[in-house]
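A quick write-up on the structure given underneath.
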Amino acid sequence: LGSFKLEAVFGNNSIEELAFTPALAEMEPGDEAIFSNSSYVTCSDLDRLIFRSNTCPSDARDEIGSEDISGC
């Protein structure tokens, strides 16, 4: 798995791609890793965050709703 992407999806369905580290990580199925993000995103209209691998986008992905993000 590789080519990871982190996206912020807002209530009006606009999407902002966010930077994260490590940006060039590669993983094998079943691996676990911690990624971090230091981008500023306004929570007022944030609907969810989507983290996924472009090499396997339907199986290697996770969504986090704004209600589960501390500070939002």
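Quick note on naming: the chains in the structure tokens go A, B, ... in the order shown, residues restart at 1 in each chain, and ligands are numbered from 1 in order of appearance.
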Spatial neighbours of A:Phe35, max dist 7 Å, only C-alpha atoms, sep filter under 6 positions, as an mmCIF file with all heavy atoms, in the first residue's frame:
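The new file part_35.cif reads:
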data_model
loop_
_atom_site.group_PDB
_atom_site.id
_atom_site.type_symbol
_atom_site.label_atom_id
_atom_site.label_comp_id
_atom_site.auth_asym_id
_atom_site.auth_seq_id
_atom_site.Cartn_x
_atom_site.Cartn_y
_atom_site.Cartn_z
ATOM 1 N N PHE A 20 0.356 15.452 5.223
ATOM 2 C CA PHE A 20 0.563 14.646 6.425
ATOM 3 C C PHE A 20 1.944 14.030 6.368
ATOM 4 O O PHE A 20 2.594 14.024 5.318
ATOM 5 C CB PHE A 20 -0.516 13.567 6.582
ATOM 6 C CG PHE A 20 -0.553 12.590 5.434
ATOM 7 C CD1 PHE A 20 0.169 11.424 5.479
ATOM 8 C CD2 PHE A 20 -1.308 12.860 4.315
ATOM 9 C CE1 PHE A 20 0.151 10.530 4.415
ATOM 10 C CE2 PHE A 20 -1.342 11.972 3.251
ATOM 11 C CZ PHE A 20 -0.608 10.820 3.297
ATOM 12 N N THR A 21 2.411 13.530 7.501
ATOM 13 C CA THR A 21 3.698 12.850 7.548
ATOM 14 C C THR A 21 3.515 11.475 8.163
ATOM 15 O O THR A 21 2.648 11.304 9.007
ATOM 16 C CB THR A 21 4.721 13.651 8.382
ATOM 17 O OG1 THR A 21 4.192 13.860 9.673
ATOM 18 C CG2 THR A 21 5.061 14.968 7.723
ATOM 19 N N PRO A 22 4.255 10.465 7.782
ATOM 20 C CA PRO A 22 5.204 10.473 6.676
ATOM 21 C C PRO A 22 4.473 10.418 5.339
ATOM 22 O O PRO A 22 3.585 9.586 5.148
ATOM 23 C CB PRO A 22 6.034 9.218 6.892
ATOM 24 C CG PRO A 22 5.126 8.279 7.618
ATOM 25 C CD PRO A 22 4.211 9.163 8.451
#
(message) Quick one: residues within 12 Å of A:Ser14, only C-alpha atoms, excluding same-chain residues fewer than 2 positions away - as a PyMOL selection string?
(response) chain A and resi 7-12+16-17+45-49
(request) Between atom CA of A:Arg61 and atom CA of A:Asp31, measure the distance and give it in Å to one decimal. (result) 13.2 Å
(request) Using only C-alpha atoms, find the one residue out of A:Ala60, A:Ala25, A:Leu6, A:Ile50 that sits nearest to A:Ser38. (result) A:Leu6
